[in-house]
Amino acid sequence: MLVVRAVVFAAFGLAVGSFLTVVIHRVPRRESIVAPRSACPACGAQIGARDNIPVLSYLLLAGRCRHCRAPISAEYPAVEALTGGAFLGAALAFGDVWVAALVAGFLAVVEAAAAIDLHHRIIPNRILYPSLVAFTVAVAALWVAGRRVSLAGAALGLLAYGGGLLVVAVVSRSGMGMGDVKLAGLVGLVLGALGWQYVGVAAALGILAGGLLAIAALLRGARRKDVLPFGPSIALGALFSALFAPHVAAWYTSALR
Ligand SMILES: [Zn+2]
């Protein structure tokens with residue numbers, strides 16, 4: 001059963017990843033994510049169904065457009081593979097299929113936010129606000145259905161991680177923006193519903209990764225204002241925590257003894 005579930009989640013994740021590449025490209029440009037069909041940016045030829053298979057098409061086409069042979073960005077198969085892997089990881093990490101689906105959907109949103117932040121140094125409210133509402137509703141629905149999620153944990157996680165970064169953003173006036181604060185709030189909301197240790201691991205890793213990247217950028221002569229975007233660090237912490245937090249917490253507790 002677990003094998004079937006893992007395969008289904010991975011395949012669905014690859015398809016969602018393909019959709020995310022469209023979201024990542026179009027949402028910051030305020031374009032529709034449903035129409036028109038994807039086209040080659042170089043020659044404008046529409047991308048047919050057989051050239052739209054996640055990862056596989058890129059490999060079969062050797063990373064080039066079928067029509068004009070212009071190179072296709074490796075970001076497309078990378079996002080597809082990462083999403084497939086995240087969905088597979090969620091299927092394996094959570095015994096409850098509904099919780100696994102919640103986490104998989106959450107990781108897809110976080111990944112899109114991180115990729116857009118990398119490209120544009122902004123995390124669009126068009127992604128953050130609907131996600132905050134949708135995942136509040138989803139957590140509440142799972143709680144009503146008697147699944148192992150905590151509403152209080154979700155609220156506390158949102159306040160702790162989102163509120164914590166809000167203070168940092170206001171006080172430090174570093175590169176951190178309100179998009180980062182809202183993304184951290186979303187991470188706190190969903191991971192807080194799973195348990196306090198998820199929020200703790202995600203926040204610790206996110207802040208550590210963000211801090212190290214900022215120091216590295218400053219050492220290379222970047223000015224304070226254009227330090228690296230913080231969203232990808234928050235996303236990295238969230239991804240790792242969602243899949244491995246119980247292991248990290250167990251290791252940390254045993255190391256303290
Ligand atoms: Zn082309």
# chains A, B, ... in the order shown; residues from 1 in each chain; ligands from 1
call {"tool": "closest_atom_pairs", "arguments": {"of": "chain A", "to": "ligand 1", "cutoff": "12 Å", "atoms": "only C-alpha atoms and all ligand atoms", "output": "JSON lines"}}
result
{"residue": "A:Ser38", "atom": "CA", "partner": "ligand 1", "partner_atom_place_in_ligand_line": "1 (Zn)", "distance": 11.2}
{"residue": "A:Ala39", "atom": "CA", "partner": "ligand 1", "partner_atom_place_in_ligand_line": "1 (Zn)", "distance": 7.8}
{"residue": "A:Cys40", "atom": "CA", "partner": "ligand 1", "partner_atom_place_in_ligand_line": "1 (Zn)", "distance": 4.6}
{"residue": "A:Pro41", "atom": "CA", "partner": "ligand 1", "partner_atom_place_in_ligand_line": "1 (Zn)", "distance": 6.6}
{"residue": "A:Ala42", "atom": "CA", "partner": "ligand 1", "partner_atom_place_in_ligand_line": "1 (Zn)", "distance": 4.9}
{"residue": "A:Cys43", "atom": "CA", "partner": "ligand 1", "partner_atom_place_in_ligand_line": "1 (Zn)", "distance": 4.1}
{"residue": "A:Gly44", "atom": "CA", "partner": "ligand 1", "partner_atom_place_in_ligand_line": "1 (Zn)", "distance": 6.1}
{"residue": "A:Ala45", "atom": "CA", "partner": "ligand 1", "partner_atom_place_in_ligand_line": "1 (Zn)", "distance": 5.7}
{"residue": "A:Gln46", "atom": "CA", "partner": "ligand 1", "partner_atom_place_in_ligand_line": "1 (Zn)", "distance": 8.4}
{"residue": "A:Ile47", "atom": "CA", "partner": "ligand 1", "partner_atom_place_in_ligand_line": "1 (Zn)", "distance": 8.8}
{"residue": "A:Gly48", "atom": "CA", "partner": "ligand 1", "partner_atom_place_in_ligand_line": "1 (Zn)", "distance": 11.8}
{"residue": "A:Asp51", "atom": "CA", "partner": "ligand 1", "partner_atom_place_in_ligand_line": "1 (Zn)", "distance": 11.8}
{"residue": "A:Leu61", "atom": "CA", "partner": "ligand 1", "partner_atom_place_in_ligand_line": "1 (Zn)", "distance": 11.6}
{"residue": "A:Gly63", "atom": "CA", "partner": "ligand 1", "partner_atom_place_in_ligand_line": "1 (Zn)", "distance": 11.1}
{"residue": "A:Arg64", "atom": "CA", "partner": "ligand 1", "partner_atom_place_in_ligand_line": "1 (Zn)", "distance": 7.8}
{"residue": "A:Cys65", "atom": "CA", "partner": "ligand 1", "partner_atom_place_in_ligand_line": "1 (Zn)", "distance": 4.6}
{"residue": "A:Arg66", "atom": "CA", "partner": "ligand 1", "partner_atom_place_in_ligand_line": "1 (Zn)", "distance": 6.5}
{"residue": "A:His67", "atom": "CA", "partner": "ligand 1", "partner_atom_place_in_ligand_line": "1 (Zn)", "distance": 5.1}
{"residue": "A:Cys68", "atom": "CA", "partner": "ligand 1", "partner_atom_place_in_ligand_line": "1 (Zn)", "distance": 4.1}
{"residue": "A:Arg69", "atom": "CA", "partner": "ligand 1", "partner_atom_place_in_ligand_line": "1 (Zn)", "distance": 6.0}
{"residue": "A:Ala70", "atom": "CA", "partner": "ligand 1", "partner_atom_place_in_ligand_line": "1 (Zn)", "distance": 5.5}
{"residue": "A:Pro71", "atom": "CA", "partner": "ligand 1", "partner_atom_place_in_ligand_line": "1 (Zn)", "distance": 8.3}
{"residue": "A:Ile72", "atom": "CA", "partner": "ligand 1", "partner_atom_place_in_ligand_line": "1 (Zn)", "distance": 8.6}
{"residue": "A:Ser73", "atom": "CA", "partner": "ligand 1", "partner_atom_place_in_ligand_line": "1 (Zn)", "distance": 12.0}
call {"tool": "residues_around", "arguments": {"residues": "stretch 15-27 of chain A", "least_positions_apart": "5", "cutoff": "7 Å", "atoms": "only C-alpha atoms", "output": "list in words"}}
result
Ser32, Ile33, Pro54, Tyr76, Val79, Glu80, Thr83, Gly84, Ala112, Ala115 and Ile116 of chain A
call {"tool": "write_last_selection", "arguments": {"atoms": "N, CA, C and O atoms", "output": "compact mmCIF listing (two decimals), in the first residue's frame"}}
result
# COMPACT_ATOMS: atom_id res chain seq x y z
N SER A 32 -2.14 35.23 -16.63
CA SER A 32 -3.01 34.11 -16.26
C SER A 32 -2.20 32.82 -16.16
O SER A 32 -1.28 32.60 -16.95
N ILE A 33 -2.55 31.98 -15.18
CA ILE A 33 -1.83 30.72 -15.06
C ILE A 33 -2.57 29.58 -15.76
O ILE A 33 -2.10 28.46 -15.77
N PRO A 54 6.77 15.96 -17.42
CA PRO A 54 7.77 16.47 -16.47
C PRO A 54 9.09 15.71 -16.55
O PRO A 54 9.10 14.49 -16.67
N TYR A 76 13.30 24.31 -15.21
CA TYR A 76 12.02 23.59 -15.39
C TYR A 76 12.10 22.16 -14.87
O TYR A 76 11.33 21.78 -13.97
N VAL A 79 12.63 22.13 -10.97
CA VAL A 79 11.43 22.38 -10.15
C VAL A 79 10.52 21.15 -10.16
O VAL A 79 9.97 20.75 -9.13
N GLU A 80 10.40 20.53 -11.34
CA GLU A 80 9.54 19.33 -11.45
C GLU A 80 10.08 18.20 -10.59
O GLU A 80 9.35 17.55 -9.84
N THR A 83 9.68 18.98 -6.82
CA THR A 83 8.31 18.83 -6.36
C THR A 83 7.93 17.35 -6.26
O THR A 83 7.29 16.93 -5.29
N GLY A 84 8.34 16.57 -7.27
CA GLY A 84 8.09 15.13 -7.21
C GLY A 84 8.74 14.52 -5.97
O GLY A 84 8.13 13.71 -5.26
N ALA A 112 7.24 27.40 -4.75
CA ALA A 112 6.94 28.46 -5.71
C ALA A 112 7.34 29.82 -5.14
O ALA A 112 7.94 30.65 -5.84
N ALA A 115 11.14 30.22 -5.30
CA ALA A 115 11.66 30.41 -6.66
C ALA A 115 11.37 31.83 -7.16
O ALA A 115 12.22 32.47 -7.77
N ILE A 116 10.16 32.32 -6.88
CA ILE A 116 9.81 33.68 -7.30
C ILE A 116 10.67 34.70 -6.56
O ILE A 116 11.14 35.68 -7.13
call {"tool": "select_by_dssp", "arguments": {"residues": "stretch 74-237 of chain A", "states": "alpha helix (DSSP H)", "output": "PyMOL selection string"}}
result
chain A and resi 75-93+97-120+125-144+151-157+163-172+178-194+196-219+231-237
call {"tool": "atom_distance", "arguments": {"atom1": "atom CA of A:Leu132", "atom2": "atom CA of A:Val181"}}
result
12.2 Å
call {"tool": "residues_around", "arguments": {"residues": "A:Arg50", "least_positions_apart": "5", "cutoff": "12 Å", "atoms": "only C-alpha atoms", "output": "PyMOL selection string"}}
result
chain A and resi 55-58+60-61+66
call {"tool": "residues_around", "arguments": {"residues": "A:Ala242", "least_positions_apart": "3", "cutoff": "10 Å", "atoms": "only C-alpha atoms", "output": "list in words"}}
result
Ala86, Gly89, Ala90, Ala93, Phe94, Ala100, Val103, Ala104, Phe106, Leu107, Val187, Val190, Leu191, Leu194, Gln197, Tyr198, Val199, Val201, Ala202, Leu236, Gly237, Ala238, Leu239, Ala245 and Pro246 of chain A
call {"tool": "residues_around", "arguments": {"residues": "stretch 142-155 of chain A", "least_positions_apart": "6", "cutoff": "7 Å", "atoms": "only C-alpha atoms", "output": "list in words"}}
result
Gly188, Leu189, Val190, Gly192, Ala193, Leu194, Gly195 and Trp196 of chain A
call {"tool": "closest_residue", "arguments": {"among": "A:Leu14, A:Leu165, A:Ile122, A:Val133", "to": "A:Ala81", "atoms": "only C-alpha atoms"}}
result
A:Leu14
call {"tool": "atom_distance", "arguments": {"atom1": "atom CA of A:Gly179", "atom2": "atom CA of A:Phe230"}}
result
9.3 Å
call {"tool": "residues_around", "arguments": {"residues": "A:Ile207", "least_positions_apart": "2", "cutoff": "9 Å", "atoms": "only C-alpha atoms", "output": "number ranges by chain"}}
result
A: 202-205, 209-212, 230, 233-234, 237
call {"tool": "write_last_selection", "arguments": {"atoms": "N, CA, C and O atoms", "output": "mmCIF file, in the first residue's frame"}}
result
data_model
loop_
_atom_site.group_PDB
_atom_site.id
_atom_site.type_symbol
_atom_site.label_atom_id
_atom_site.label_comp_id
_atom_site.auth_asym_id
_atom_site.auth_seq_id
_atom_site.Cartn_x
_atom_site.Cartn_y
_atom_site.Cartn_z
ATOM 1 N N ALA A 202 12.221 24.103 11.633
ATOM 2 C CA ALA A 202 12.120 24.951 10.439
ATOM 3 C C ALA A 202 12.682 26.344 10.693
ATOM 4 O O ALA A 202 13.434 26.877 9.873
ATOM 5 N N ALA A 203 12.344 26.920 11.850
ATOM 6 C CA ALA A 203 12.800 28.278 12.163
ATOM 7 C C ALA A 203 14.312 28.286 12.384
ATOM 8 O O ALA A 203 15.020 29.156 11.864
ATOM 9 N N ALA A 204 14.812 27.296 13.140
ATOM 10 C CA ALA A 204 16.250 27.254 13.414
ATOM 11 C C ALA A 204 17.044 27.124 12.112
ATOM 12 O O ALA A 204 18.002 27.863 11.879
ATOM 13 N N LEU A 205 16.616 26.200 11.244
ATOM 14 C CA LEU A 205 17.328 25.994 9.978
ATOM 15 C C LEU A 205 17.184 27.188 9.050
ATOM 16 O O LEU A 205 18.146 27.598 8.392
ATOM 17 N N ALA A 209 20.339 29.251 7.831
ATOM 18 C CA ALA A 209 20.676 29.326 6.401
ATOM 19 C C ALA A 209 20.660 30.773 5.927
ATOM 20 O O ALA A 209 21.570 31.217 5.215
ATOM 21 N N GLY A 210 19.625 31.535 6.330
ATOM 22 C CA GLY A 210 19.522 32.932 5.929
ATOM 23 C C GLY A 210 20.688 33.759 6.453
ATOM 24 O O GLY A 210 21.260 34.578 5.733
ATOM 25 N N GLY A 211 21.057 33.513 7.707
ATOM 26 C CA GLY A 211 22.163 34.246 8.312
ATOM 27 C C GLY A 211 23.489 33.942 7.635
ATOM 28 O O GLY A 211 24.264 34.844 7.314
ATOM 29 N N LEU A 212 23.740 32.651 7.372
ATOM 30 C CA LEU A 212 24.993 32.256 6.727
ATOM 31 C C LEU A 212 25.097 32.850 5.318
ATOM 32 O O LEU A 212 26.148 33.359 4.921
ATOM 33 N N PHE A 230 15.494 36.237 1.515
ATOM 34 C CA PHE A 230 15.417 35.348 2.657
ATOM 35 C C PHE A 230 14.429 34.202 2.428
ATOM 36 O O PHE A 230 14.518 33.159 3.087
ATOM 37 N N SER A 233 15.653 30.576 2.068
ATOM 38 C CA SER A 233 16.128 29.988 3.324
ATOM 39 C C SER A 233 14.966 29.502 4.183
ATOM 40 O O SER A 233 15.030 28.421 4.778
ATOM 41 N N ILE A 234 13.903 30.312 4.242
ATOM 42 C CA ILE A 234 12.704 29.892 4.988
ATOM 43 C C ILE A 234 12.148 28.610 4.379
ATOM 44 O O ILE A 234 11.775 27.673 5.081
ATOM 45 N N GLY A 237 14.338 25.509 5.193
ATOM 46 C CA GLY A 237 14.075 25.059 6.560
ATOM 47 C C GLY A 237 12.751 24.324 6.653
ATOM 48 O O GLY A 237 12.641 23.286 7.317
#
call {"tool": "closest_residue", "arguments": {"among": "A:Arg257, A:Pro36, A:Leu2, A:Leu228", "to": "A:Ile215", "atoms": "only C-alpha atoms"}}
result
A:Leu228
call {"tool": "atom_distance", "arguments": {"atom1": "atom CA of A:Val109", "atom2": "atom CA of A:Met178"}}
result
16.9 Å
call {"tool": "residues_around", "arguments": {"residues": "A:Leu88", "least_positions_apart": "5", "cutoff": "7 Å", "atoms": "only C-alpha atoms", "output": "count of residues only"}}
result
3
